[in-house]
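Next comes input-v8.tsv, with TSV, C-alpha atoms.
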chain	number	residue	atom	x	y	z
A	77	MET	CA	81.62	9.13	42.21
A	78	SER	CA	77.91	8.82	41.60
A	79	GLN	CA	76.66	8.85	38.03
A	80	LYS	CA	75.27	12.03	36.56
A	81	ARG	CA	71.51	12.17	36.09
A	82	LEU	CA	70.56	12.40	32.42
A	83	ILE	CA	66.96	13.56	31.81
A	84	VAL	CA	65.71	12.44	28.38
A	85	ASP	CA	62.48	13.62	26.76
A	86	MET	CA	60.33	11.20	24.74
A	87	ASP	CA	58.31	13.05	22.07
A	88	GLY	CA	60.66	14.66	19.57
A	89	VAL	CA	63.76	13.07	21.11
A	90	LEU	CA	63.11	9.31	21.30
A	91	ALA	CA	59.81	9.27	19.39
A	92	ASP	CA	59.44	10.75	15.91
A	93	VAL	CA	56.30	12.82	16.40
A	94	TYR	CA	56.70	14.66	13.09
A	95	ALA	CA	56.81	11.48	11.03
A	96	HIS	CA	53.65	10.36	12.82
A	97	PHE	CA	51.87	13.71	12.41
A	98	ILE	CA	52.71	13.67	8.68
A	99	GLN	CA	51.18	10.21	8.37
A	100	TYR	CA	48.03	11.13	10.37
A	101	GLU	CA	47.64	14.37	8.41
A	102	LYS	CA	47.71	12.45	5.17
A	103	GLU	CA	45.18	9.88	6.44
A	104	TYR	CA	42.79	12.41	7.99
A	105	THR	CA	42.97	15.22	5.44
A	106	GLY	CA	44.85	13.98	2.37
A	107	LEU	CA	47.36	16.80	2.84
A	108	ILE	CA	51.00	15.88	2.34
A	109	LYS	CA	53.37	17.83	4.56
A	110	LYS	CA	57.16	17.70	4.46
A	111	LYS	CA	59.44	18.32	7.42
A	112	GLU	CA	61.56	20.81	5.49
A	113	ASP	CA	58.52	23.01	4.86
A	114	LEU	CA	57.67	23.19	8.57
A	115	ILE	CA	60.84	24.89	9.87
A	116	GLY	CA	60.08	27.50	12.52
A	117	VAL	CA	56.38	26.66	12.66
A	118	THR	CA	54.77	25.25	15.84
A	119	GLU	CA	53.42	21.72	15.59
A	120	GLU	CA	49.89	23.07	16.13
A	121	ALA	CA	50.29	25.41	13.16
A	122	ALA	CA	52.09	22.85	10.99
A	123	PHE	CA	49.25	20.31	11.09
A	124	THR	CA	45.50	20.84	10.95
A	125	GLN	CA	44.31	18.63	13.83
A	126	THR	CA	47.17	17.83	16.22
A	127	LYS	CA	44.83	17.61	19.23
A	128	THR	CA	42.67	15.07	17.44
A	129	TYR	CA	45.70	13.01	16.45
A	130	VAL	CA	47.29	12.90	19.92
A	131	ARG	CA	43.93	12.09	21.54
A	132	SER	CA	43.26	9.17	19.20
A	133	VAL	CA	43.77	5.75	20.74
A	134	GLY	CA	47.10	4.26	19.72
A	135	PHE	CA	48.85	7.48	18.66
A	136	PHE	CA	51.56	7.26	21.32
A	137	ARG	CA	51.79	3.48	21.19
A	138	THR	CA	52.64	3.46	17.48
A	139	LEU	CA	55.16	6.31	17.24
A	140	PRO	CA	58.27	5.58	15.14
A	141	VAL	CA	61.59	5.61	16.96
A	142	ILE	CA	64.11	8.39	16.26
A	143	PRO	CA	67.10	6.92	14.40
A	144	ASN	CA	69.97	5.62	16.57
A	145	SER	CA	68.23	6.57	19.84
A	146	GLN	CA	67.91	2.95	20.97
A	147	GLU	CA	71.57	1.99	20.72
A	148	VAL	CA	73.02	5.31	21.86
A	149	LEU	CA	70.74	5.52	24.90
A	150	GLU	CA	71.56	1.91	25.78
A	151	ALA	CA	75.24	2.83	25.88
A	152	LEU	CA	74.57	6.03	27.86
A	153	ASN	CA	72.40	4.02	30.27
A	154	THR	CA	75.56	2.27	31.51
A	155	GLN	CA	77.33	5.56	32.24
A	156	TYR	CA	74.54	7.82	33.46
A	157	GLN	CA	71.57	7.60	35.79
A	158	VAL	CA	69.07	7.95	32.95
A	159	TYR	CA	65.48	9.17	33.48
A	160	ILE	CA	62.93	9.25	30.70
A	161	VAL	CA	60.75	12.25	31.50
A	162	SER	CA	57.70	12.87	29.35
A	163	SER	CA	54.87	15.39	29.52
A	164	ALA	CA	51.91	13.04	29.32
A	165	MET	CA	49.27	14.23	31.79
A	166	GLU	CA	47.35	16.39	29.32
A	167	PHE	CA	46.41	13.19	27.49
A	168	PRO	CA	45.69	10.50	30.08
A	169	ASN	CA	45.25	7.86	27.37
A	170	SER	CA	48.91	8.33	26.60
A	171	LEU	CA	50.09	7.20	30.05
A	172	ARG	CA	49.81	3.48	29.49
A	173	GLU	CA	50.72	3.80	25.80
A	174	LYS	CA	53.97	5.57	26.64
A	175	TYR	CA	54.80	2.97	29.26
A	176	ASP	CA	54.18	0.13	26.78
A	177	TRP	CA	56.08	1.91	23.99
A	178	LEU	CA	59.15	2.28	26.19
A	179	ALA	CA	58.90	-1.37	27.25
A	180	GLU	CA	58.92	-2.42	23.60
A	181	TYR	CA	61.61	-0.16	22.15
A	182	PHE	CA	63.76	0.62	25.20
A	183	PRO	CA	63.50	-2.59	27.26
A	184	TYR	CA	66.71	-1.78	29.17
A	185	ILE	CA	64.94	1.20	30.79
A	186	HIS	CA	63.67	0.05	34.20
A	187	TRP	CA	60.30	1.30	35.44
A	188	LYS	CA	62.16	3.19	38.16
A	189	GLN	CA	63.66	5.36	35.40
A	190	ILE	CA	60.33	6.57	33.96
A	191	VAL	CA	58.60	9.84	34.90
A	192	LEU	CA	55.32	10.91	33.30
A	193	CYS	CA	54.43	14.44	34.27
A	194	GLY	CA	52.48	17.56	33.42
A	195	ASP	CA	55.18	20.20	33.27
A	196	LYS	CA	58.85	19.60	34.03
A	197	ARG	CA	59.44	22.25	36.68
A	198	ALA	CA	59.61	19.67	39.46
A	199	ILE	CA	62.31	17.68	37.62
A	200	GLN	CA	65.96	17.86	38.51
A	201	GLY	CA	69.12	16.31	37.13
A	202	ASP	CA	72.52	17.16	35.70
A	203	ILE	CA	71.81	17.07	31.97
A	204	MET	CA	68.54	17.49	30.06
A	205	ILE	CA	67.85	16.59	26.42
A	206	ASP	CA	64.59	18.06	25.09
A	207	ASP	CA	63.20	19.63	21.93
A	208	HIS	CA	61.12	22.29	23.71
A	209	PHE	CA	62.39	25.54	25.19
A	210	LYS	CA	59.50	25.51	27.70
A	211	ASN	CA	61.17	22.49	29.34
A	212	LEU	CA	64.83	23.40	28.92
A	213	ASP	CA	64.40	26.98	30.12
A	214	TYR	CA	63.38	25.84	33.64
A	215	PHE	CA	66.30	23.44	33.94
A	216	GLU	CA	69.30	25.02	35.60
A	217	GLU	CA	71.99	22.52	34.65
A	218	LYS	CA	73.41	21.48	31.24
A	219	THR	CA	70.83	21.46	28.45
A	220	TYR	CA	70.78	20.05	24.91
A	221	LEU	CA	68.19	21.27	22.42
A	222	PHE	CA	67.31	18.36	20.14
A	223	SER	CA	66.56	19.76	16.70
A	224	GLN	CA	63.02	19.45	15.41
A	225	PRO	CA	61.35	21.60	12.76
A	226	HIS	CA	59.46	23.70	15.37
A	227	ASN	CA	62.72	24.83	17.03
A	228	GLN	CA	65.05	24.94	14.04
A	229	ALA	CA	64.55	28.61	13.25
A	230	SER	CA	65.17	29.70	16.85
A	231	PRO	CA	68.57	30.53	18.32
A	232	ALA	CA	69.45	27.86	20.90
A	233	GLY	CA	70.44	30.52	23.46
A	234	ARG	CA	72.13	29.01	26.50
A	235	HIS	CA	71.20	25.51	25.31
A	236	GLU	CA	73.46	23.44	23.06
A	237	ARG	CA	71.81	22.31	19.85
A	238	VAL	CA	72.20	18.72	18.68
A	239	ASP	CA	70.82	17.33	15.45
A	240	SER	CA	71.00	13.59	16.04
A	241	TRP	CA	71.65	10.79	18.52
A	242	GLU	CA	74.97	10.20	16.75
A	243	GLU	CA	75.94	13.69	17.80
A	244	LEU	CA	74.79	13.01	21.36
A	245	ARG	CA	76.88	9.86	21.40
A	246	GLY	CA	79.95	11.88	20.55
A	247	LYS	CA	79.23	14.51	23.19
A	248	LEU	CA	78.07	12.32	26.07
A	249	LEU	CA	79.54	8.85	25.82
A	250	VAL	CA	82.79	8.54	27.70
A	251	LYS	CA	85.17	6.36	25.74
A	252	ALA	CA	87.27	3.75	27.48
A	253	THR	CA	90.92	4.82	27.49
B	266	MET	CA	58.49	36.25	45.14
B	267	SER	CA	57.72	32.96	43.46
B	268	GLN	CA	55.74	30.38	45.37
B	269	LYS	CA	57.53	27.52	47.08
B	270	ARG	CA	57.18	24.12	45.44
B	271	LEU	CA	55.32	21.66	47.66
B	272	ILE	CA	55.78	18.00	46.65
B	273	VAL	CA	52.91	15.85	47.97
B	274	ASP	CA	52.85	12.04	47.90
B	275	MET	CA	49.59	10.16	47.14
B	276	ASP	CA	49.59	6.71	48.77
B	277	GLY	CA	49.70	7.06	52.53
B	278	VAL	CA	49.39	10.86	52.41
B	279	LEU	CA	46.30	11.64	50.30
B	280	ALA	CA	45.04	8.07	49.88
B	281	ASP	CA	44.38	5.76	52.83
B	282	VAL	CA	46.21	2.65	51.66
B	283	TYR	CA	45.96	0.94	55.07
B	284	ALA	CA	42.20	1.21	55.23
B	285	HIS	CA	42.06	-0.29	51.75
B	286	PHE	CA	44.55	-3.09	52.53
B	287	ILE	CA	42.53	-3.98	55.64
B	288	GLN	CA	39.38	-4.24	53.55
B	289	TYR	CA	41.08	-6.32	50.82
B	290	GLU	CA	42.72	-8.58	53.41
B	291	LYS	CA	39.33	-9.30	54.95
B	292	GLU	CA	37.74	-9.99	51.57
B	293	TYR	CA	40.59	-12.15	50.25
B	294	THR	CA	41.56	-14.06	53.41
B	295	GLY	CA	38.97	-13.40	56.10
B	296	LEU	CA	41.71	-12.01	58.34
B	297	ILE	CA	40.84	-8.88	60.27
B	298	LYS	CA	43.83	-6.57	60.77
B	299	LYS	CA	43.88	-3.39	62.85
B	300	LYS	CA	46.12	-0.41	62.20
B	301	GLU	CA	47.25	-0.31	65.84
B	302	ASP	CA	48.60	-3.85	65.60
B	303	LEU	CA	50.73	-3.02	62.53
B	304	ILE	CA	53.03	-0.37	64.04
B	305	GLY	CA	56.61	-0.76	62.87
B	306	VAL	CA	55.78	-3.50	60.38
B	307	THR	CA	56.26	-3.03	56.62
B	308	GLU	CA	53.10	-3.09	54.53
B	309	GLU	CA	54.33	-6.25	52.82
B	310	ALA	CA	54.68	-8.00	56.20
B	311	ALA	CA	51.46	-6.57	57.62
B	312	PHE	CA	49.23	-8.06	54.92
B	313	THR	CA	49.41	-11.43	53.22
B	314	GLN	CA	49.04	-10.46	49.54
B	315	THR	CA	49.81	-6.77	49.03
B	316	LYS	CA	51.15	-7.34	45.49
B	317	THR	CA	47.92	-9.09	44.52
B	318	TYR	CA	45.83	-6.30	45.98
B	319	VAL	CA	47.70	-3.44	44.29
B	320	ARG	CA	47.71	-5.28	40.97
B	321	SER	CA	43.96	-5.87	41.02
B	322	VAL	CA	41.96	-3.64	38.71
B	323	GLY	CA	40.35	-0.77	40.61
B	324	PHE	CA	42.57	-0.84	43.70
B	325	PHE	CA	43.98	2.65	43.16
B	326	ARG	CA	40.75	4.05	41.72
B	327	THR	CA	38.76	3.18	44.87
B	328	LEU	CA	41.16	4.22	47.63
B	329	PRO	CA	39.57	6.16	50.49
B	330	VAL	CA	40.75	9.73	51.01
B	331	ILE	CA	42.85	10.60	54.07
B	332	PRO	CA	40.75	12.81	56.38
B	333	ASN	CA	41.00	16.57	55.81
B	334	SER	CA	43.49	16.23	52.95
B	335	GLN	CA	41.04	17.63	50.39
B	336	GLU	CA	40.29	20.92	52.15
B	337	VAL	CA	43.79	21.52	53.54
B	338	LEU	CA	45.49	20.86	50.20
B	339	GLU	CA	42.98	23.12	48.46
B	340	ALA	CA	44.00	25.96	50.78
B	341	LEU	CA	47.72	25.18	50.37
B	342	ASN	CA	47.24	25.07	46.59
B	343	THR	CA	46.61	28.84	46.66
B	344	GLN	CA	49.85	29.54	48.50
B	345	TYR	CA	52.27	26.98	47.08
B	346	GLN	CA	53.19	25.56	43.69
B	347	VAL	CA	51.80	22.12	44.55
B	348	TYR	CA	52.92	18.95	42.75
B	349	ILE	CA	51.35	15.57	43.41
B	350	VAL	CA	54.19	13.08	42.95
B	351	SER	CA	53.37	9.40	43.11
B	352	SER	CA	55.41	6.27	42.56
B	353	ALA	CA	53.18	4.49	40.08
B	354	MET	CA	55.38	2.95	37.39
B	355	GLU	CA	55.74	-0.45	39.06
B	356	PHE	CA	52.02	-0.97	38.47
B	357	PRO	CA	51.13	0.43	35.05
B	358	ASN	CA	47.42	-0.23	35.63
B	359	SER	CA	47.60	2.36	38.38
B	360	LEU	CA	48.59	5.20	36.04
B	361	ARG	CA	45.15	5.97	34.69
B	362	GLU	CA	43.46	5.03	37.98
B	363	LYS	CA	45.57	7.53	39.90
B	364	TYR	CA	44.86	10.22	37.33
B	365	ASP	CA	41.11	9.58	37.55
B	366	TRP	CA	41.18	9.37	41.37
B	367	LEU	CA	42.86	12.77	41.59
B	368	ALA	CA	40.36	14.23	39.12
B	369	GLU	CA	37.48	13.03	41.31
B	370	TYR	CA	38.74	13.92	44.78
B	371	PHE	CA	41.17	16.77	44.09
B	372	PRO	CA	39.60	18.51	41.09
B	373	TYR	CA	41.48	21.75	41.80
B	374	ILE	CA	44.75	19.97	40.96
B	375	HIS	CA	45.59	20.78	37.31
B	376	TRP	CA	47.13	18.07	35.14
B	377	LYS	CA	50.28	20.18	35.01
B	378	GLN	CA	50.68	19.51	38.73
B	379	ILE	CA	50.73	15.69	38.50
B	380	VAL	CA	53.89	13.57	38.31
B	381	LEU	CA	53.76	9.76	38.13
B	382	CYS	CA	57.18	8.24	38.47
B	383	GLY	CA	59.23	5.21	39.39
B	384	ASP	CA	61.50	6.51	42.08
B	385	LYS	CA	61.61	10.13	43.26
B	386	ARG	CA	65.31	10.89	42.82
B	387	ALA	CA	64.67	13.10	39.80
B	388	ILE	CA	62.14	15.22	41.72
B	389	GLN	CA	62.97	18.61	43.13
B	390	GLY	CA	61.09	21.17	45.17
B	391	ASP	CA	61.21	23.14	48.42
B	392	ILE	CA	59.06	20.96	50.68
B	393	MET	CA	58.21	17.25	50.45
B	394	ILE	CA	55.43	15.40	52.33
B	395	ASP	CA	55.77	11.61	52.17
B	396	ASP	CA	55.31	8.55	54.37
B	397	HIS	CA	58.38	6.68	53.10
B	398	PHE	CA	61.98	7.31	54.12
B	399	LYS	CA	63.16	5.99	50.72
B	400	ASN	CA	61.61	9.08	49.15
B	401	LEU	CA	62.34	11.68	51.84
B	402	ASP	CA	65.97	10.64	52.28
B	403	TYR	CA	66.87	11.68	48.71
B	404	PHE	CA	65.18	15.06	49.03
B	405	GLU	CA	67.57	17.76	50.14
B	406	GLU	CA	65.10	20.44	51.21
B	407	LYS	CA	62.45	20.52	53.97
B	408	THR	CA	60.79	17.15	54.58
B	409	TYR	CA	57.68	16.06	56.48
B	410	LEU	CA	57.22	12.40	57.41
B	411	PHE	CA	53.49	11.65	57.32
B	412	SER	CA	52.74	9.07	60.01
B	413	GLN	CA	51.60	5.65	58.88
B	414	PRO	CA	51.87	2.38	60.81
B	415	HIS	CA	54.95	1.23	58.82
B	416	ASN	CA	56.97	4.31	59.87
B	417	GLN	CA	55.56	4.94	63.35
B	418	ALA	CA	58.20	2.93	65.24
B	419	SER	CA	61.10	4.65	63.41
B	420	PRO	CA	62.78	7.86	64.57
B	421	ALA	CA	61.99	10.62	62.05
B	422	GLY	CA	65.64	11.65	61.88
B	423	ARG	CA	66.11	14.91	59.94
B	424	HIS	CA	62.49	14.77	58.79
B	425	GLU	CA	59.66	16.39	60.73
B	426	ARG	CA	56.90	13.98	61.68
B	427	VAL	CA	53.26	15.01	61.18
B	428	ASP	CA	50.27	12.91	62.17
B	429	SER	CA	47.47	14.56	60.20
B	430	TRP	CA	46.50	17.10	57.57
B	431	GLU	CA	45.21	19.33	60.37
B	432	GLU	CA	48.77	19.44	61.67
B	433	LEU	CA	50.08	20.23	58.17
B	434	ARG	CA	47.55	23.07	57.92
B	435	GLY	CA	48.95	24.59	61.10
B	436	LYS	CA	52.55	24.23	59.93
B	437	LEU	CA	52.23	25.24	56.27
B	438	LEU	CA	49.24	27.52	55.75
B	439	VAL	CA	50.19	31.16	56.02
B	440	LYS	CA	47.41	33.02	57.80
B	441	ALA	CA	46.28	36.41	56.59
B	442	THR	CA	47.31	39.08	59.06
What do you get writing this file as structure tokens?
Amino acid sequence: MSQKRLIVDMDGVLADVYAHFIQYEKEYTGLIKKKEDLIGVTEEAAFTQTKTYVRSVGFFRTLPVIPNSQEVLEALNTQYQVYIVSSAMEFPNSLREKYDWLAEYFPYIHWKQIVLCGDKRAIQGDIMIDDHFKNLDYFEEKTYLFSQPHNQASPAGRHERVDSWEELRGKLLVKAT
Amino acid sequence: MSQKRLIVDMDGVLADVYAHFIQYEKEYTGLIKKKEDLIGVTEEAAFTQTKTYVRSVGFFRTLPVIPNSQEVLEALNTQYQVYIVSSAMEFPNSLREKYDWLAEYFPYIHWKQIVLCGDKRAIQGDIMIDDHFKNLDYFEEKTYLFSQPHNQASPAGRHERVDSWEELRGKLLVKAT
């Protein structure tokens, strides 16, 4: 049987965009934001200059990694046909930075497994993990909503909410019997 | 009714890779190759140093445009949900060059319509235009094989062969009645 295709988002799933925004916000404006105060607020409303931050050279290259994503995805990569699918086209500087970031933190991901796109409507697979409804809602197969402050006040709807990569490990990794 | 999704390849469909390879081959080696002598030969066998050429800075940014592709795709872009899908990940230098090339020659293509990937197995749509069997063979819907020397000696199989953008205009553009 062929492996199922697992479509994994980068920002907000592998890369901790909030931690980075909080750091940039502090450096640019002196304001100190906390994740727990940003529940149910869009990223654009939560921070004063998100467009400036994401357009600055190095933003995507220096993102922190979401806890446990490296080891859990490495295990899943042996059981699924994994694709890393990231919306990157709005910020063309991010293209090479995202490629280099993946090469550093997820070296077991082959270049054949990377997709950088505008929107995700032309993407297919069997399972999608994403933190944005705008991506999950177009995907017809199984969907996991990865919790981030911007989506935490919204009902997950037909998507299954997960709060961590540990939780994804439990749901997706098939144990040897 | 929603528009059909039209998946359009870049190299060999919008961008004239052979014309560029012929020019690079002449500059690098002095050898003069002609398209008509390269029928049924892979690109790697047709030219002496394809990997060197595609890895050189500017290769993808300076590709000539395939005749009529600009005006025909502009017309199709009003009738289809067009996605430009290009295998680019093997050559990370090409990512930004391909983005900039599209912005120059196909300015009506929005960034949301661009997908740069490794392989195309995670891509879905209703119609695919490509010059490589390795891409078309994984696509389950309607497929057009765009003629290039490397595929011209092969039977098209379940794919429909087209020799030009003029031919694609006739097949795909819905005329007002």
**Request:** Name the closest residue to Leu410 of chain B among the candidates B:Val278, B:Leu271, B:Asp365, B:Ala441; distances are taken between atoms, counting all atoms listed in the file.
**Result:**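 Nearest to Leu410 of chain B: B:Val278.
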With all Cα atoms paired residue by residue, do a least-squares superposition of chain A on chain B and hand back the transformed coordinates as a short mmCIF file (atom, residue, chain, number, x, y, z; two decimals) with C-alpha atoms, in the coordinates of the input.
data_model
loop_
_atom_site.label_atom_id
_atom_site.label_comp_id
_atom_site.auth_asym_id
_atom_site.auth_seq_id
_atom_site.Cartn_x
_atom_site.Cartn_y
_atom_site.Cartn_z
CA MET A 77 58.50 36.24 45.19
CA SER A 78 57.71 32.97 43.48
CA GLN A 79 55.73 30.37 45.39
CA LYS A 80 57.52 27.51 47.07
CA ARG A 81 57.18 24.11 45.43
CA LEU A 82 55.33 21.66 47.66
CA ILE A 83 55.77 17.99 46.65
CA VAL A 84 52.91 15.83 47.97
CA ASP A 85 52.84 12.03 47.89
CA MET A 86 49.60 10.17 47.14
CA ASP A 87 49.60 6.70 48.77
CA GLY A 88 49.71 7.06 52.54
CA VAL A 89 49.38 10.86 52.42
CA LEU A 90 46.30 11.64 50.31
CA ALA A 91 45.05 8.07 49.88
CA ASP A 92 44.38 5.76 52.83
CA VAL A 93 46.22 2.65 51.67
CA TYR A 94 45.98 0.95 55.06
CA ALA A 95 42.21 1.21 55.24
CA HIS A 96 42.07 -0.29 51.75
CA PHE A 97 44.56 -3.08 52.53
CA ILE A 98 42.55 -3.97 55.65
CA GLN A 99 39.40 -4.23 53.55
CA TYR A 100 41.08 -6.32 50.80
CA GLU A 101 42.71 -8.57 53.40
CA LYS A 102 39.35 -9.27 54.95
CA GLU A 103 37.75 -9.99 51.55
CA TYR A 104 40.58 -12.17 50.23
CA THR A 105 41.56 -14.05 53.38
CA GLY A 106 38.96 -13.38 56.08
CA LEU A 107 41.71 -12.02 58.32
CA ILE A 108 40.87 -8.87 60.25
CA LYS A 109 43.83 -6.58 60.78
CA LYS A 110 43.87 -3.40 62.85
CA LYS A 111 46.12 -0.42 62.22
CA GLU A 112 47.28 -0.30 65.83
CA ASP A 113 48.61 -3.85 65.59
CA LEU A 114 50.73 -3.03 62.53
CA ILE A 115 53.03 -0.37 64.05
CA GLY A 116 56.62 -0.74 62.85
CA VAL A 117 55.79 -3.50 60.39
CA THR A 118 56.25 -3.01 56.61
CA GLU A 119 53.08 -3.08 54.53
CA GLU A 120 54.32 -6.25 52.82
CA ALA A 121 54.69 -7.98 56.18
CA ALA A 122 51.46 -6.55 57.62
CA PHE A 123 49.23 -8.04 54.91
CA THR A 124 49.40 -11.43 53.21
CA GLN A 125 49.05 -10.45 49.53
CA THR A 126 49.83 -6.75 49.01
CA LYS A 127 51.15 -7.34 45.48
CA THR A 128 47.93 -9.08 44.50
CA TYR A 129 45.83 -6.28 45.97
CA VAL A 130 47.71 -3.41 44.28
CA ARG A 131 47.73 -5.26 40.94
CA SER A 132 43.98 -5.86 41.00
CA VAL A 133 41.97 -3.63 38.69
CA GLY A 134 40.35 -0.78 40.59
CA PHE A 135 42.57 -0.84 43.69
CA PHE A 136 43.97 2.65 43.15
CA ARG A 137 40.75 4.04 41.73
CA THR A 138 38.76 3.16 44.86
CA LEU A 139 41.16 4.22 47.63
CA PRO A 140 39.57 6.17 50.51
CA VAL A 141 40.76 9.73 51.01
CA ILE A 142 42.85 10.62 54.09
CA PRO A 143 40.77 12.81 56.41
CA ASN A 144 41.01 16.59 55.84
CA SER A 145 43.49 16.22 52.95
CA GLN A 146 41.05 17.64 50.40
CA GLU A 147 40.31 20.93 52.15
CA VAL A 148 43.79 21.53 53.55
CA LEU A 149 45.49 20.86 50.21
CA GLU A 150 42.99 23.13 48.46
CA ALA A 151 44.01 25.95 50.78
CA LEU A 152 47.73 25.17 50.37
CA ASN A 153 47.24 25.06 46.59
CA THR A 154 46.61 28.83 46.65
CA GLN A 155 49.86 29.53 48.51
CA TYR A 156 52.27 26.97 47.09
CA GLN A 157 53.19 25.55 43.71
CA VAL A 158 51.81 22.12 44.55
CA TYR A 159 52.92 18.93 42.75
CA ILE A 160 51.34 15.56 43.41
CA VAL A 161 54.17 13.08 42.95
CA SER A 162 53.36 9.39 43.11
CA SER A 163 55.42 6.25 42.54
CA ALA A 164 53.18 4.46 40.07
CA MET A 165 55.37 2.92 37.37
CA GLU A 166 55.74 -0.48 39.04
CA PHE A 167 52.01 -0.99 38.47
CA PRO A 168 51.13 0.42 35.05
CA ASN A 169 47.42 -0.24 35.63
CA SER A 170 47.59 2.34 38.37
CA LEU A 171 48.58 5.20 36.03
CA ARG A 172 45.14 5.96 34.68
CA GLU A 173 43.46 5.03 37.97
CA LYS A 174 45.57 7.52 39.89
CA TYR A 175 44.86 10.22 37.33
CA ASP A 176 41.10 9.57 37.55
CA TRP A 177 41.18 9.37 41.36
CA LEU A 178 42.85 12.77 41.60
CA ALA A 179 40.35 14.23 39.12
CA GLU A 180 37.49 13.03 41.31
CA TYR A 181 38.74 13.90 44.79
CA PHE A 182 41.17 16.76 44.09
CA PRO A 183 39.58 18.50 41.08
CA TYR A 184 41.47 21.75 41.79
CA ILE A 185 44.75 19.97 40.96
CA HIS A 186 45.57 20.76 37.31
CA TRP A 187 47.11 18.05 35.13
CA LYS A 188 50.27 20.15 35.00
CA GLN A 189 50.67 19.50 38.74
CA ILE A 190 50.73 15.68 38.49
CA VAL A 191 53.88 13.55 38.29
CA LEU A 192 53.74 9.75 38.13
CA CYS A 193 57.17 8.25 38.47
CA GLY A 194 59.22 5.20 39.37
CA ASP A 195 61.50 6.53 42.09
CA LYS A 196 61.61 10.13 43.27
CA ARG A 197 65.30 10.89 42.82
CA ALA A 198 64.65 13.09 39.80
CA ILE A 199 62.13 15.22 41.73
CA GLN A 200 62.96 18.60 43.14
CA GLY A 201 61.08 21.18 45.18
CA ASP A 202 61.20 23.13 48.42
CA ILE A 203 59.06 20.96 50.68
CA MET A 204 58.20 17.25 50.47
CA ILE A 205 55.44 15.40 52.33
CA ASP A 206 55.77 11.61 52.16
CA ASP A 207 55.30 8.55 54.36
CA HIS A 208 58.38 6.69 53.10
CA PHE A 209 61.98 7.31 54.13
CA LYS A 210 63.16 5.98 50.74
CA ASN A 211 61.61 9.09 49.16
CA LEU A 212 62.34 11.68 51.83
CA ASP A 213 65.97 10.64 52.28
CA TYR A 214 66.87 11.68 48.70
CA PHE A 215 65.18 15.06 49.03
CA GLU A 216 67.56 17.77 50.14
CA GLU A 217 65.10 20.45 51.20
CA LYS A 218 62.45 20.51 53.98
CA THR A 219 60.78 17.15 54.59
CA TYR A 220 57.68 16.06 56.50
CA LEU A 221 57.21 12.40 57.42
CA PHE A 222 53.48 11.65 57.33
CA SER A 223 52.75 9.08 60.01
CA GLN A 224 51.60 5.65 58.89
CA PRO A 225 51.87 2.40 60.82
CA HIS A 226 54.95 1.24 58.82
CA ASN A 227 56.97 4.31 59.88
CA GLN A 228 55.57 4.94 63.35
CA ALA A 229 58.19 2.96 65.23
CA SER A 230 61.09 4.66 63.44
CA PRO A 231 62.76 7.87 64.58
CA ALA A 232 61.97 10.61 62.05
CA GLY A 233 65.65 11.66 61.89
CA ARG A 234 66.12 14.89 59.96
CA HIS A 235 62.49 14.76 58.80
CA GLU A 236 59.66 16.38 60.75
CA ARG A 237 56.88 13.99 61.68
CA VAL A 238 53.26 15.01 61.19
CA ASP A 239 50.26 12.92 62.17
CA SER A 240 47.46 14.57 60.23
CA TRP A 241 46.49 17.12 57.58
CA GLU A 242 45.22 19.33 60.40
CA GLU A 243 48.76 19.44 61.68
CA LEU A 244 50.06 20.23 58.19
CA ARG A 245 47.56 23.05 57.94
CA GLY A 246 48.95 24.59 61.09
CA LYS A 247 52.55 24.25 59.93
CA LEU A 248 52.22 25.24 56.28
CA LEU A 249 49.25 27.52 55.76
CA VAL A 250 50.19 31.16 56.03
CA LYS A 251 47.43 33.04 57.79
CA ALA A 252 46.30 36.42 56.54
CA THR A 253 47.39 39.13 58.98
#
Can I get the residues of chain A within 8 Å of chain B, each with the closest pair of atoms and their distance in Å to one decimal, using only C-alpha atoms, sorted chain first then ascending number, as CSV?
residue,atom,partner,partner_atom,distance
A:Arg81,CA,B:Ala387,CA,7.8
A:Tyr159,CA,B:Ala387,CA,7.5
A:Met165,CA,B:Trp376,CA,5.5
A:Glu166,CA,B:Trp376,CA,6.1
A:Pro168,CA,B:Arg361,CA,6.5
A:Asn169,CA,B:Arg361,CA,7.6
A:Leu171,CA,B:Leu360,CA,6.5
A:Arg172,CA,B:Pro357,CA,6.5
A:Tyr175,CA,B:Pro357,CA,7.3
A:Trp187,CA,B:Met354,CA,5.5
A:Lys188,CA,B:Gly383,CA,3.8
A:Gln189,CA,B:Gly383,CA,6.0
A:Ile190,CA,B:Gly383,CA,5.7
A:Val191,CA,B:Cys382,CA,4.2
A:Leu192,CA,B:Leu381,CA,5.2
A:Cys193,CA,B:Val380,CA,4.2
A:Gly194,CA,B:Lys377,CA,3.8
A:Asp195,CA,B:Lys377,CA,5.2
A:Ala198,CA,B:Gln389,CA,5.1
A:Ile199,CA,B:Ile388,CA,4.8
A:Gln200,CA,B:Ala387,CA,5.1
A:Gly201,CA,B:Ala387,CA,6.1
**Message:** Calculated over only C-alpha atoms, which of the candidates A:Tyr100, A:Phe182, A:Trp177, A:Phe209 has the smallest distance to Gln228 of chain A?
**Reply:** A:Phe209
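Summary of the local environment: counting only C-alpha atoms, residues at most 10 Å from Asp402 of chain B, other than itself and those fewer than 3 positions away along its chain, are Arg386, His397, Phe398, Lys399, Glu405, Glu406, Thr408, Gly422, Arg423 and His424 of chain B.
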**Message:** Would you pick out the contacts of Glu119 of chain A at 12 Å or less, using only C-alpha atoms, so that residues sharing its chain but fewer than 5 positions from it are not included, and give the list as a ChimeraX atom specification?
**Reply:** /A:87-88,93-98,101,109,111,113-114,124-127,129-130,207-208,224-227
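You will find atom CA of Ala232 of chain A at 15.7 Å from atom CA of Thr118 of chain A.
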